[in-house]
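Enquirer: Sharing upload-v5.txt (compact mmCIF, C-alpha atoms) below.
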# COMPACT_ATOMS: atom_id res chain seq x y z
CA MET U 365 4.35 14.97 31.99
CA LYS U 366 0.67 14.08 32.29
CA LEU U 367 -1.00 11.54 30.03
CA HIS U 368 -4.77 11.81 29.78
CA ASP U 369 -5.34 8.11 29.54
CA LEU U 370 -7.71 5.16 29.34
CA ASP U 371 -6.30 1.78 30.36
CA LEU U 372 -8.29 0.01 27.60
CA SER U 373 -7.11 2.33 24.80
CA GLY U 374 -4.40 1.01 22.51
CA ASN U 375 -3.58 4.57 21.48
CA CYS U 376 -2.93 5.55 25.10
CA TYR U 377 -0.99 2.33 25.56
CA LYS U 378 1.43 3.37 22.81
CA ALA U 379 2.63 6.23 25.03
CA ARG U 380 2.69 4.12 28.21
CA LEU U 381 4.62 1.35 26.44
CA PHE U 382 7.20 3.68 24.94
CA CYS U 383 7.80 5.49 28.24
CA ALA U 384 8.29 2.11 29.93
CA LEU U 385 10.76 1.02 27.22
CA ILE U 386 12.87 4.18 27.58
CA GLY U 387 12.46 4.48 31.36
CA VAL U 388 10.51 7.75 31.47
CA ASP U 389 7.91 8.45 34.17
CA LEU U 390 4.39 9.54 33.21
CA GLU U 391 1.69 10.90 35.45
CA ILE U 392 -1.48 9.05 34.43
CA VAL U 393 -4.72 11.08 34.44
CA PRO U 394 -7.60 8.64 33.89
CA VAL U 395 -10.30 9.89 31.50
CA ASP U 396 -13.84 8.60 32.12
CA PHE U 397 -14.15 7.46 28.51
CA LEU U 398 -17.14 5.19 29.00
CA GLY U 399 -18.86 8.10 30.78
CA GLY U 400 -18.15 10.38 27.79
CA ALA U 401 -15.67 12.72 29.49
CA HIS U 402 -13.63 13.02 26.26
CA LYS U 403 -16.58 14.72 24.55
CA ARG U 404 -17.14 17.35 27.28
CA PRO U 405 -16.08 21.00 26.90
CA ASP U 406 -13.10 20.86 29.29
CA PHE U 407 -11.58 17.94 27.41
CA LEU U 408 -12.40 19.42 23.99
CA THR U 409 -10.37 22.47 25.03
CA LEU U 410 -7.38 20.13 25.31
CA ASN U 411 -8.21 18.22 22.12
CA PRO U 412 -10.99 19.41 19.80
CA PHE U 413 -10.99 15.96 18.15
CA GLY U 414 -12.35 14.56 21.44
CA GLU U 415 -9.88 11.69 21.42
CA ILE U 416 -7.41 10.22 23.87
CA PRO U 417 -4.53 10.25 24.61
CA VAL U 418 -3.51 13.83 25.26
CA LEU U 419 -0.06 14.63 26.66
CA GLU U 420 0.59 17.75 28.75
CA ASP U 421 4.18 18.82 29.38
CA GLY U 422 4.21 22.24 31.02
CA ASP U 423 2.29 24.53 28.67
CA LEU U 424 2.51 22.11 25.75
CA VAL U 425 -0.64 20.13 24.96
CA LEU U 426 -0.29 17.38 22.34
CA ARG U 427 -2.98 15.18 20.84
CA ASP U 428 -2.51 12.12 18.60
CA SER U 429 -0.63 9.06 19.75
CA GLN U 430 1.90 9.22 16.90
CA ALA U 431 2.77 12.85 17.63
CA ILE U 432 3.14 12.00 21.31
CA LEU U 433 5.58 9.18 20.48
CA VAL U 434 7.59 11.55 18.28
CA TYR U 435 7.70 14.14 21.06
CA LEU U 436 8.80 11.64 23.70
CA ALA U 437 11.58 10.23 21.49
CA ARG U 438 12.94 13.64 20.51
CA LYS U 439 12.64 15.19 23.98
CA HIS U 440 14.65 12.32 25.45
CA ASP U 441 17.21 12.27 22.60
CA ARG U 442 16.30 8.73 21.61
CA ASP U 443 17.44 8.80 17.98
CA ASP U 444 17.69 5.01 18.21
CA TRP U 445 13.87 4.93 18.29
CA LEU U 446 13.32 7.91 15.93
CA PRO U 447 16.27 8.81 13.71
CA ALA U 448 16.97 12.46 12.92
CA ASP U 449 18.35 11.89 9.39
CA ALA U 450 16.06 12.20 6.36
CA GLU U 451 16.00 8.53 5.36
CA GLY U 452 15.67 7.08 8.85
CA LEU U 453 13.00 9.56 9.93
CA ALA U 454 11.01 8.99 6.75
CA ARG U 455 11.27 5.19 6.99
CA VAL U 456 9.79 5.28 10.49
CA THR U 457 7.19 7.90 9.50
CA GLN U 458 5.78 5.50 6.88
CA TRP U 459 4.66 3.25 9.72
CA LEU U 460 3.34 6.12 11.82
CA SER U 461 0.96 6.78 8.91
CA THR U 462 0.15 3.07 8.69
CA ALA U 463 -0.73 3.17 12.40
CA ALA U 464 -2.88 6.30 11.92
CA ASN U 465 -4.62 4.95 8.82
CA ASP U 466 -4.58 1.23 7.99
CA VAL U 467 -4.22 -0.12 11.53
CA ALA U 468 -6.80 2.39 12.79
CA ARG U 469 -9.29 1.45 10.08
CA GLY U 470 -8.59 -2.28 10.45
CA PRO U 471 -8.02 -3.96 13.82
CA ASN U 472 -8.79 -0.79 15.81
CA ASP U 473 -12.18 -0.18 14.16
CA ALA U 474 -13.08 -3.89 14.44
CA ARG U 475 -12.37 -3.75 18.18
CA LEU U 476 -14.27 -0.45 18.62
CA ARG U 477 -17.29 -2.19 17.09
CA GLU U 478 -17.05 -5.47 18.98
CA LYS U 479 -15.83 -4.25 22.37
CA PHE U 480 -17.30 -0.76 22.63
CA GLY U 481 -20.34 -0.96 20.31
CA TYR U 482 -19.28 1.85 17.95
CA ASP U 483 -21.38 2.35 14.82
CA LEU U 484 -18.79 0.90 12.43
CA ASP U 485 -18.90 -1.76 9.72
CA ALA U 486 -17.26 -4.77 11.39
CA GLU U 487 -16.85 -6.78 8.19
CA ARG U 488 -15.19 -3.88 6.39
CA ALA U 489 -12.86 -3.34 9.34
CA ARG U 490 -11.93 -7.03 9.48
CA ALA U 491 -11.21 -7.07 5.74
CA LYS U 492 -8.98 -4.00 6.17
CA ALA U 493 -7.29 -5.73 9.13
CA ALA U 494 -6.61 -8.83 7.03
CA GLY U 495 -5.01 -6.66 4.36
CA VAL U 496 -2.62 -4.85 6.67
CA LEU U 497 -1.81 -8.01 8.67
CA ALA U 498 -0.86 -9.86 5.47
CA ILE U 499 1.48 -6.99 4.52
CA LEU U 500 3.01 -6.92 8.01
CA ASN U 501 3.44 -10.70 7.97
CA ASP U 502 5.19 -10.67 4.58
CA ARG U 503 7.51 -7.94 5.76
CA LEU U 504 8.28 -9.60 9.10
CA GLU U 505 9.05 -12.95 7.49
CA ALA U 506 12.21 -11.35 6.15
CA ARG U 507 13.19 -9.14 9.09
CA ALA U 508 12.88 -8.89 12.87
CA TRP U 509 11.66 -5.28 13.03
CA LEU U 510 9.64 -3.08 10.67
CA GLU U 511 12.51 -0.71 9.79
CA LEU U 512 16.22 -0.14 10.34
CA GLY U 513 16.99 -3.60 11.75
CA ARG U 514 16.11 -2.56 15.29
CA PRO U 515 13.05 -1.66 17.34
CA THR U 516 11.81 1.85 16.49
CA LEU U 517 8.65 3.91 16.87
CA ALA U 518 7.42 2.06 13.77
CA ASP U 519 7.02 -1.07 15.90
CA VAL U 520 5.66 0.80 18.94
CA ALA U 521 3.00 2.57 16.84
CA CYS U 522 1.78 -0.52 14.98
CA TYR U 523 1.98 -3.12 17.74
CA PRO U 524 -0.86 -2.19 20.14
CA TYR U 525 -3.88 -2.66 17.88
CA VAL U 526 -2.32 -5.68 16.20
CA ALA U 527 -1.91 -7.29 19.64
CA LEU U 528 -5.56 -6.39 20.40
CA ALA U 529 -6.92 -7.61 17.04
CA GLU U 530 -8.60 -10.70 18.44
CA GLU U 531 -10.86 -8.51 20.59
CA GLY U 532 -12.26 -7.31 17.24
CA GLY U 533 -12.80 -10.83 15.95
CA VAL U 534 -9.61 -10.88 13.85
CA SER U 535 -7.58 -14.06 14.37
CA LEU U 536 -3.81 -13.63 14.35
CA THR U 537 -3.13 -17.34 13.81
CA PRO U 538 -2.73 -16.92 10.01
CA TYR U 539 0.13 -14.47 10.61
CA PRO U 540 2.96 -16.40 12.28
CA ALA U 541 5.65 -13.83 11.49
CA VAL U 542 3.50 -11.16 13.16
CA LEU U 543 3.16 -13.38 16.24
CA ARG U 544 6.93 -13.85 16.43
CA TRP U 545 7.41 -10.05 16.10
CA MET U 546 4.96 -9.56 18.95
CA ASP U 547 7.05 -11.97 21.04
CA ARG U 548 10.18 -9.94 20.25
CA ILE U 549 8.45 -6.74 21.36
CA ARG U 550 7.29 -8.38 24.58
CA ALA U 551 10.87 -9.47 25.28
CA LEU U 552 12.21 -5.88 25.15
CA PRO U 553 13.62 -4.61 28.48
CA GLY U 554 11.03 -2.53 30.32
CA TYR U 555 8.08 -3.86 28.29
CA VAL U 556 4.64 -3.48 29.85
CA GLY U 557 1.40 -5.03 28.56
CA MET U 558 -2.25 -3.99 28.62
CA PRO U 559 -5.54 -5.87 29.11
CA GLY U 560 -6.90 -7.86 26.17
CA GLN U 561 -3.68 -8.55 24.29
CA ARG U 562 -3.14 -11.84 22.51
CA ALA U 563 -0.48 -13.79 24.41
CA GLY U 564 1.78 -14.37 21.38
CA ALA U 565 3.05 -17.24 19.24
CA MET M 768 14.19 11.76 -7.46
CA LYS M 769 11.32 9.95 -9.16
CA LEU M 770 7.71 10.32 -8.05
CA HIS M 771 5.36 7.55 -9.10
CA ASP M 772 2.40 9.79 -9.64
CA LEU M 773 -1.19 10.27 -10.71
CA ASP M 774 -2.20 13.81 -11.65
CA LEU M 775 -5.67 13.34 -10.07
CA SER M 776 -4.33 12.06 -6.73
CA GLY M 777 -4.29 14.52 -3.85
CA ASN M 778 -1.71 12.36 -2.08
CA CYS M 779 0.66 12.62 -5.06
CA TYR M 780 -0.10 16.32 -5.27
CA LYS M 781 1.19 16.81 -1.71
CA ALA M 782 4.68 15.88 -2.92
CA ARG M 783 4.41 17.91 -6.13
CA LEU M 784 3.16 20.94 -4.23
CA PHE M 785 5.87 20.80 -1.58
CA CYS M 786 8.64 20.38 -4.15
CA ALA M 787 7.27 23.39 -6.03
CA LEU M 788 7.16 25.45 -2.82
CA ILE M 789 10.80 24.66 -1.95
CA GLY M 790 12.08 24.73 -5.53
CA VAL M 791 13.08 21.06 -5.86
CA ASP M 792 12.83 19.17 -9.16
CA LEU M 793 10.96 15.88 -9.36
CA GLU M 794 10.93 13.38 -12.20
CA ILE M 795 7.28 12.42 -12.64
CA VAL M 796 6.55 8.76 -13.50
CA PRO M 797 2.85 8.50 -14.37
CA VAL M 798 1.10 5.41 -12.94
CA ASP M 799 -1.83 4.03 -14.95
CA PHE M 800 -4.06 4.11 -11.89
CA LEU M 801 -7.36 3.80 -13.72
CA GLY M 802 -5.87 0.80 -15.55
CA GLY M 803 -4.96 -0.79 -12.20
CA ALA M 804 -1.16 -0.55 -12.56
CA HIS M 805 -0.78 0.13 -8.81
CA LYS M 806 -2.13 -3.34 -8.01
CA ARG M 807 0.23 -5.22 -10.36
CA PRO M 808 3.27 -7.16 -9.10
CA ASP M 809 5.94 -4.71 -10.28
CA PHE M 810 4.29 -1.84 -8.44
CA LEU M 811 3.54 -3.96 -5.35
CA THR M 812 7.28 -4.63 -5.15
CA LEU M 813 7.71 -0.87 -4.69
CA ASN M 814 4.76 -0.54 -2.32
CA PRO M 815 2.96 -3.62 -0.99
CA PHE M 816 0.04 -1.38 0.03
CA GLY M 817 -0.62 -0.80 -3.68
CA GLU M 818 -0.96 2.94 -3.21
CA ILE M 819 0.49 6.03 -4.80
CA PRO M 820 2.63 8.07 -4.48
CA VAL M 821 5.96 6.26 -4.19
CA LEU M 822 9.21 8.24 -4.15
CA GLU M 823 12.47 6.74 -5.39
CA ASP M 824 15.74 8.47 -4.54
CA GLY M 825 18.65 6.28 -5.55
CA ASP M 826 18.15 2.98 -3.71
CA LEU M 827 15.61 4.44 -1.30
CA VAL M 828 11.96 3.63 -1.98
CA LEU M 829 9.40 5.46 0.16
CA ARG M 830 5.64 4.99 0.28
CA ASP M 831 3.07 7.21 2.06
CA SER M 832 2.64 10.86 1.22
CA GLN M 833 3.34 12.05 4.77
CA ALA M 834 6.64 10.12 4.94
CA ILE M 835 7.60 11.52 1.54
CA LEU M 836 6.96 15.09 2.76
CA VAL M 837 9.09 14.43 5.85
CA TYR M 838 11.90 13.03 3.71
CA LEU M 839 11.85 15.96 1.29
CA ALA M 840 11.91 18.52 4.11
CA ARG M 841 14.74 16.86 6.00
CA LYS M 842 16.83 16.05 2.91
CA HIS M 843 16.70 19.68 1.86
CA ASP M 844 17.29 21.04 5.39
CA ARG M 845 13.96 22.82 5.45
CA ASP M 846 13.48 23.01 9.21
CA ASP M 847 11.17 25.95 8.53
CA TRP M 848 8.66 23.44 7.11
CA LEU M 849 9.47 20.58 9.52
CA PRO M 850 11.21 21.60 12.75
CA ALA M 851 13.85 19.33 14.26
CA ASP M 852 13.11 20.14 17.92
CA ALA M 853 10.77 17.95 19.95
CA GLU M 854 7.89 20.39 20.32
CA GLY M 855 7.93 21.72 16.77
CA LEU M 856 8.27 18.29 15.19
CA ALA M 857 5.47 16.89 17.34
CA ARG M 858 3.16 19.84 16.66
CA VAL M 859 3.50 19.28 12.91
CA THR M 860 3.25 15.49 13.30
CA GLN M 861 -0.21 15.88 14.86
CA TRP M 862 -1.45 17.16 11.50
CA LEU M 863 0.37 14.50 9.51
CA SER M 864 -1.73 11.99 11.47
CA THR M 865 -4.84 14.09 10.84
CA ALA M 866 -4.04 13.96 7.12
CA ALA M 867 -3.47 10.19 7.24
CA ASN M 868 -6.60 9.53 9.29
CA ASP M 869 -9.39 12.11 9.54
CA VAL M 870 -8.81 13.86 6.21
CA ALA M 871 -8.35 10.47 4.49
CA ARG M 872 -11.55 9.08 5.98
CA GLY M 873 -13.47 12.28 5.35
CA PRO M 874 -13.05 14.38 2.20
CA ASN M 875 -10.71 11.87 0.54
CA ASP M 876 -13.07 8.88 0.95
CA ALA M 877 -16.06 10.99 -0.16
CA ARG M 878 -14.19 11.92 -3.34
CA LEU M 879 -13.03 8.33 -3.95
CA ARG M 880 -16.69 7.32 -3.84
CA GLU M 881 -18.06 10.12 -6.00
CA LYS M 882 -15.26 10.55 -8.51
CA PHE M 883 -13.77 7.05 -8.76
CA GLY M 884 -16.68 4.80 -7.71
CA TYR M 885 -14.94 3.18 -4.74
CA ASP M 886 -17.07 0.93 -2.54
CA LEU M 887 -17.23 3.39 0.37
CA ASP M 888 -20.06 4.83 2.46
CA ALA M 889 -20.42 8.35 1.05
CA GLU M 890 -22.67 9.62 3.86
CA ARG M 891 -20.28 8.40 6.54
CA ALA M 892 -17.35 10.01 4.71
CA ARG M 893 -19.22 13.33 4.36
CA ALA M 894 -20.09 13.27 8.07
CA LYS M 895 -16.43 12.64 8.90
CA ALA M 896 -15.47 15.47 6.52
CA ALA M 897 -17.87 17.86 8.24
CA GLY M 898 -16.30 16.98 11.60
CA VAL M 899 -12.72 17.63 10.56
CA LEU M 900 -13.63 20.75 8.55
CA ALA M 901 -15.39 22.26 11.58
CA ILE M 902 -12.28 21.64 13.70
CA LEU M 903 -10.02 23.13 11.02
CA ASN M 904 -12.31 26.14 10.65
CA ASP M 905 -12.36 26.81 14.42
CA ARG M 906 -8.60 26.58 14.53
CA LEU M 907 -8.04 28.79 11.49
CA GLU M 908 -10.37 31.48 12.77
CA ALA M 909 -7.73 32.27 15.37
CA ARG M 910 -4.56 31.79 13.32
CA ALA M 911 -3.26 31.96 9.76
CA TRP M 912 -1.56 28.53 9.70
CA LEU M 913 -2.20 25.24 11.47
CA GLU M 914 0.94 25.35 13.64
CA LEU M 915 3.92 27.53 14.55
CA GLY M 916 2.57 30.73 13.02
CA ARG M 917 3.97 29.93 9.59
CA PRO M 918 3.33 27.49 6.73
CA THR M 919 4.61 24.01 7.59
CA LEU M 920 4.10 20.44 6.43
CA ALA M 921 0.95 20.48 8.58
CA ASP M 922 -0.67 22.77 6.01
CA VAL M 923 0.79 20.95 2.99
CA ALA M 924 -0.46 17.57 4.24
CA CYS M 925 -4.00 18.70 5.10
CA TYR M 926 -4.65 21.12 2.23
CA PRO M 927 -5.00 18.88 -0.86
CA TYR M 928 -8.07 16.83 0.09
CA VAL M 929 -9.70 19.82 1.75
CA ALA M 930 -9.31 21.75 -1.51
CA LEU M 931 -10.79 18.76 -3.38
CA ALA M 932 -13.67 18.21 -0.93
CA GLU M 933 -16.36 19.53 -3.28
CA GLU M 934 -15.57 16.71 -5.73
CA GLY M 935 -16.85 14.43 -2.96
CA GLY M 936 -20.04 16.39 -2.46
CA VAL M 937 -18.76 18.29 0.58
CA SER M 938 -19.43 22.03 0.36
CA LEU M 939 -16.71 24.28 1.77
CA THR M 940 -18.98 27.33 1.96
CA PRO M 941 -19.78 26.75 5.69
CA TYR M 942 -16.07 27.00 6.50
CA PRO M 943 -14.95 30.57 5.67
CA ALA M 944 -11.75 30.40 7.74
CA VAL M 945 -10.75 27.26 5.82
CA LEU M 946 -11.37 29.09 2.54
CA ARG M 947 -9.20 32.02 3.64
CA TRP M 948 -6.44 29.56 4.67
CA MET M 949 -6.68 27.96 1.21
CA ASP M 950 -6.21 31.41 -0.31
CA ARG M 951 -3.08 31.97 1.82
CA ILE M 952 -1.66 28.63 0.65
CA ARG M 953 -2.38 29.51 -2.97
CA ALA M 954 -0.55 32.80 -2.51
CA LEU M 955 2.70 31.12 -1.39
CA PRO M 956 5.65 31.64 -3.78
CA GLY M 957 6.03 28.65 -6.09
CA TYR M 958 2.52 27.32 -5.47
CA VAL M 959 1.11 24.93 -8.08
CA GLY M 960 -2.47 23.66 -8.27
CA MET M 961 -4.13 20.47 -9.44
CA PRO M 962 -7.34 19.66 -11.34
CA GLY M 963 -10.62 19.73 -9.39
CA GLN M 964 -9.67 22.15 -6.63
CA ARG M 965 -12.15 24.61 -5.26
CA ALA M 966 -11.09 28.08 -6.34
CA GLY M 967 -11.13 29.60 -2.83
CA ALA M 968 -13.00 32.22 -0.86
Give the structure from the file, written as structure tokens.

Expert:
Amino acid sequence: MKLHDLDLSGNCYKARLFCALIGVDLEIVPVDFLGGAHKRPDFLTLNPFGEIPVLEDGDLVLRDSQAILVYLARKHDRDDWLPADAEGLARVTQWLSTAANDVARGPNDARLREKFGYDLDAERARAKAAGVLAILNDRLEARAWLELGRPTLADVACYPYVALAEEGGVSLTPYPAVLRWMDRIRALPGYVGMPGQRAGA
Amino acid sequence: MKLHDLDLSGNCYKARLFCALIGVDLEIVPVDFLGGAHKRPDFLTLNPFGEIPVLEDGDLVLRDSQAILVYLARKHDRDDWLPADAEGLARVTQWLSTAANDVARGPNDARLREKFGYDLDAERARAKAAGVLAILNDRLEARAWLELGRPTLADVACYPYVALAEEGGVSLTPYPAVLRWMDRIRALPGYVGMPGQRAGA
């Protein structure tokens, strides 16, 4: 499997992290993101959205970090990370949407503005980040993991841009339960980090 | 099953539409959205994000329209709409993320601004809408459905806010393949509509 990747992308990191946690090898294909390679015709053939990561597995080409996580879990029969039953799958899927929406609009957009100069409203993104972090903190005060009492794709999908929030000017200090959850994720066997992450509680 | 619902919400409509398509009954619980009921403590206990829809099935409480679609498909063994295998599930999941992200930021945000007065940047939302509609149109020029050669949750998740785009000031006329796809969805057995939808090609 080939991952079209950028080391500084939290979305790409989701796939790298999950493969490390389940002991699956990935061939990393670096994309010259800062040089605009993801907007060129050859890359747009892989992903018309012009976004990384993209996973290639034989003839299959998948875009979207959440879909890639789902594929990796199912291909490797890791129902512990992504249940097959209706309730378990739906519980985890709630957080895949949170990663694709609230986390993307919050800490991810704030970081895109501050670190990469994207034309985004930093204050709006930080307000959105504060909203989702408060919800995560409330939830994680009462439980160790987002769903099912164990680490799942819910945690893997939401963690990267939370851990990178401070690069977008969003302090994590007001969210101690989130910091403790981050420490639990970092203590998982096989865990790998990425540049720019907050060190934890 | 109870759906906490607003008739004017495209996210709630996703669940109503899918239940109609697969012949499943839903008890509709109207939420006084314009009166702010979704931000009051009793509703926030159901969904701390303060968003509709919420599905209750016995003790299970699910938020997020994509997760609700996944639950309904799996509970009713409709692998035709949501495959269980790695590739099929991941292919559909790509579009659940598109619904939660690009479609939400594009035609949905434009409509929230124009129809409900939300504090959102209408021009930015319309530009985002144009981007995702162009990608959908390119894709649907070559195929009848978004994935797998048949109607799936990918179509159900992306259709509602596309069909409502003109309420946000986004014309669908430049996207003839999208209009033909909308006509195919409307021709599915069991289909139900909602107020404000563009009538089709």

Enquirer: With the cut-off set at 9 Å and counting all atoms listed in the file, tabulate each residue of chain M with an atom at most that distance from an atom of chain U, showing the nearest atom pair and its distance in Å to one decimal, ordered by chain and increasing number, as a Markdown table.

Expert:
| residue | atom | partner | partner_atom | distance |
| --- | --- | --- | --- | --- |
| M:Pro815 | CA | U:Ile499 | CA | 6.6 |
| M:Phe816 | CA | U:Ile499 | CA | 7.3 |
| M:Leu827 | CA | U:Glu451 | CA | 7.8 |
| M:Leu829 | CA | U:Arg455 | CA | 7.1 |
| M:Arg830 | CA | U:Gln458 | CA | 6.6 |
| M:Asp831 | CA | U:Gln458 | CA | 5.8 |
| M:Ser832 | CA | U:Gln458 | CA | 8.4 |
| M:Gln833 | CA | U:Ser461 | CA | 7.1 |
| M:Ala834 | CA | U:Ala454 | CA | 4.9 |
| M:Ile835 | CA | U:Ala454 | CA | 6.7 |
| M:Leu836 | CA | U:Ala454 | CA | 8.3 |
| M:Val837 | CA | U:Ala454 | CA | 5.8 |
| M:Tyr838 | CA | U:Ala450 | CA | 5.0 |
| M:Leu839 | CA | U:Ala450 | CA | 7.6 |
| M:Ala840 | CA | U:Ala450 | CA | 7.9 |
| M:Arg841 | CA | U:Ala450 | CA | 4.9 |
| M:Lys842 | CA | U:Ala450 | CA | 5.2 |
| M:His843 | CA | U:Ala450 | CA | 8.8 |
| M:Asp844 | CA | U:Ala450 | CA | 9.0 |
| M:Ala851 | CA | U:Ala448 | CA | 7.7 |
| M:Asp852 | CA | U:Arg438 | CA | 7.0 |
| M:Ala853 | CA | U:Arg438 | CA | 4.9 |
| M:Glu854 | CA | U:Tyr435 | CA | 6.3 |
| M:Gly855 | CA | U:Tyr435 | CA | 8.7 |
| M:Leu856 | CA | U:Tyr435 | CA | 7.2 |
| M:Ala857 | CA | U:Ala431 | CA | 4.9 |
| M:Arg858 | CA | U:Ala431 | CA | 7.1 |
| M:Val859 | CA | U:Ala431 | CA | 8.0 |
| M:Thr860 | CA | U:Ala431 | CA | 5.1 |
| M:Gln861 | CA | U:Ala431 | CA | 5.1 |
| M:Trp862 | CA | U:Ala431 | CA | 8.6 |
| M:Leu863 | CA | U:Ser461 | CA | 7.8 |
| M:Ser864 | CA | U:Ala464 | CA | 5.8 |
| M:Thr865 | CA | U:Ala464 | CA | 8.1 |
| M:Ala866 | CA | U:Ser461 | CA | 8.9 |
| M:Ala867 | CA | U:Asn465 | CA | 5.6 |
| M:Asn868 | CA | U:Asn465 | CA | 5.0 |
| M:Asp869 | CA | U:Asn465 | CA | 8.6 |
| M:Ala871 | CA | U:Asn465 | CA | 7.9 |
| M:Arg872 | CA | U:Asn465 | CA | 8.6 |
| M:Gly898 | CA | U:Phe413 | CA | 8.5 |
| M:Val899 | CA | U:Phe413 | CA | 8.0 |
| M:Ile902 | CA | U:Pro412 | CA | 6.6 |

Enquirer: Can you measure CA of Leu955 in chain M to CA of Ser938 in chain M for me? One decimal in Å is fine.

Expert: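 So the two atoms, CA of Leu955 in chain M and CA of Ser938 in chain M, lie 24.0 Å apart.
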
Enquirer: From the set U:Leu370, U:Met365, U:Val542, U:Ala493, which residue has the shortest atom-to-atom contact distance to Gly399 in chain U, counting all atoms listed in the file?

Expert: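 With all atoms listed in the file as the atom set, the closest residue is U:Leu370.
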
Enquirer: Please provide the set of residues having any atom within 12 Å of Glu487 in chain U, restricted to all atoms listed in the file, with same-chain residues fewer than 2 positions apart removed, written as a ChimeraX atom specification.

Expert: /U:469-471,473-475,477-478,484-485,489-494,532-534

Enquirer: Please compute the CA of Pro405 in chain U-CA of Trp948 in chain M distance, one decimal, in Å.

Expert: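 If I compute the distance from CA of Pro405 in chain U to CA of Trp948 in chain M, I get 25.7 Å.
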
Enquirer: Would you list the contacts of Leu528 in chain U as a count of residues only, taking every protein, DNA or RNA residue within 7 Å and counting all atoms listed in the file, but skipping same-chain residues closer than 4 positions in sequence?

Expert: 4

Enquirer: Quick one: distance from CA of Tyr482 in chain U to CA of Val395 in chain U in Å, one decimal?

Expert: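 Result for CA of Tyr482 in chain U versus CA of Val395 in chain U: 18.1 Å, one decimal.
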
Enquirer: For Gly817 in chain M, work out the shell of residues within 6 Å, counting all atoms listed in the file and skipping chain neighbours fewer than 6 positions away, then give it as a list of chain:residue names.

Expert: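 Final neighbour list, sorted by chain and number: M:His805, M:Lys806, M:Leu811.
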
Enquirer: If you count all atoms listed in the file, which residues fall within 8 Å of Leu390 in chain U, apart from same-chain ones fewer than 4 positions away, as a list of chain:residue names?

Expert: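 Everything that qualifies: U:Met365, U:Lys366, U:Leu367, U:Arg380, U:Cys383.
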
Enquirer: Box time for range 885-897 of chain M: axis-aligned, enclosing all its listed atoms, 3 Å extra on each side; report centre and edge lengths in Å to one decimal, as AutoDock Vina command-line options.

Expert:
--center_x -18.8 --center_y 9.4 --center_z 2.1 --size_x 13.7 --size_y 22.9 --size_z 19.6

Enquirer: Would you mind telling me which residue in M:Ala954, M:Ala944, M:Ala909, M:Ala966 lies nearest to Ala930 in chain M when using only C-alpha atoms?

Expert: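 Between M:Ala954, M:Ala944, M:Ala909, M:Ala966, the residue approaching Ala930 in chain M most closely is M:Ala966.
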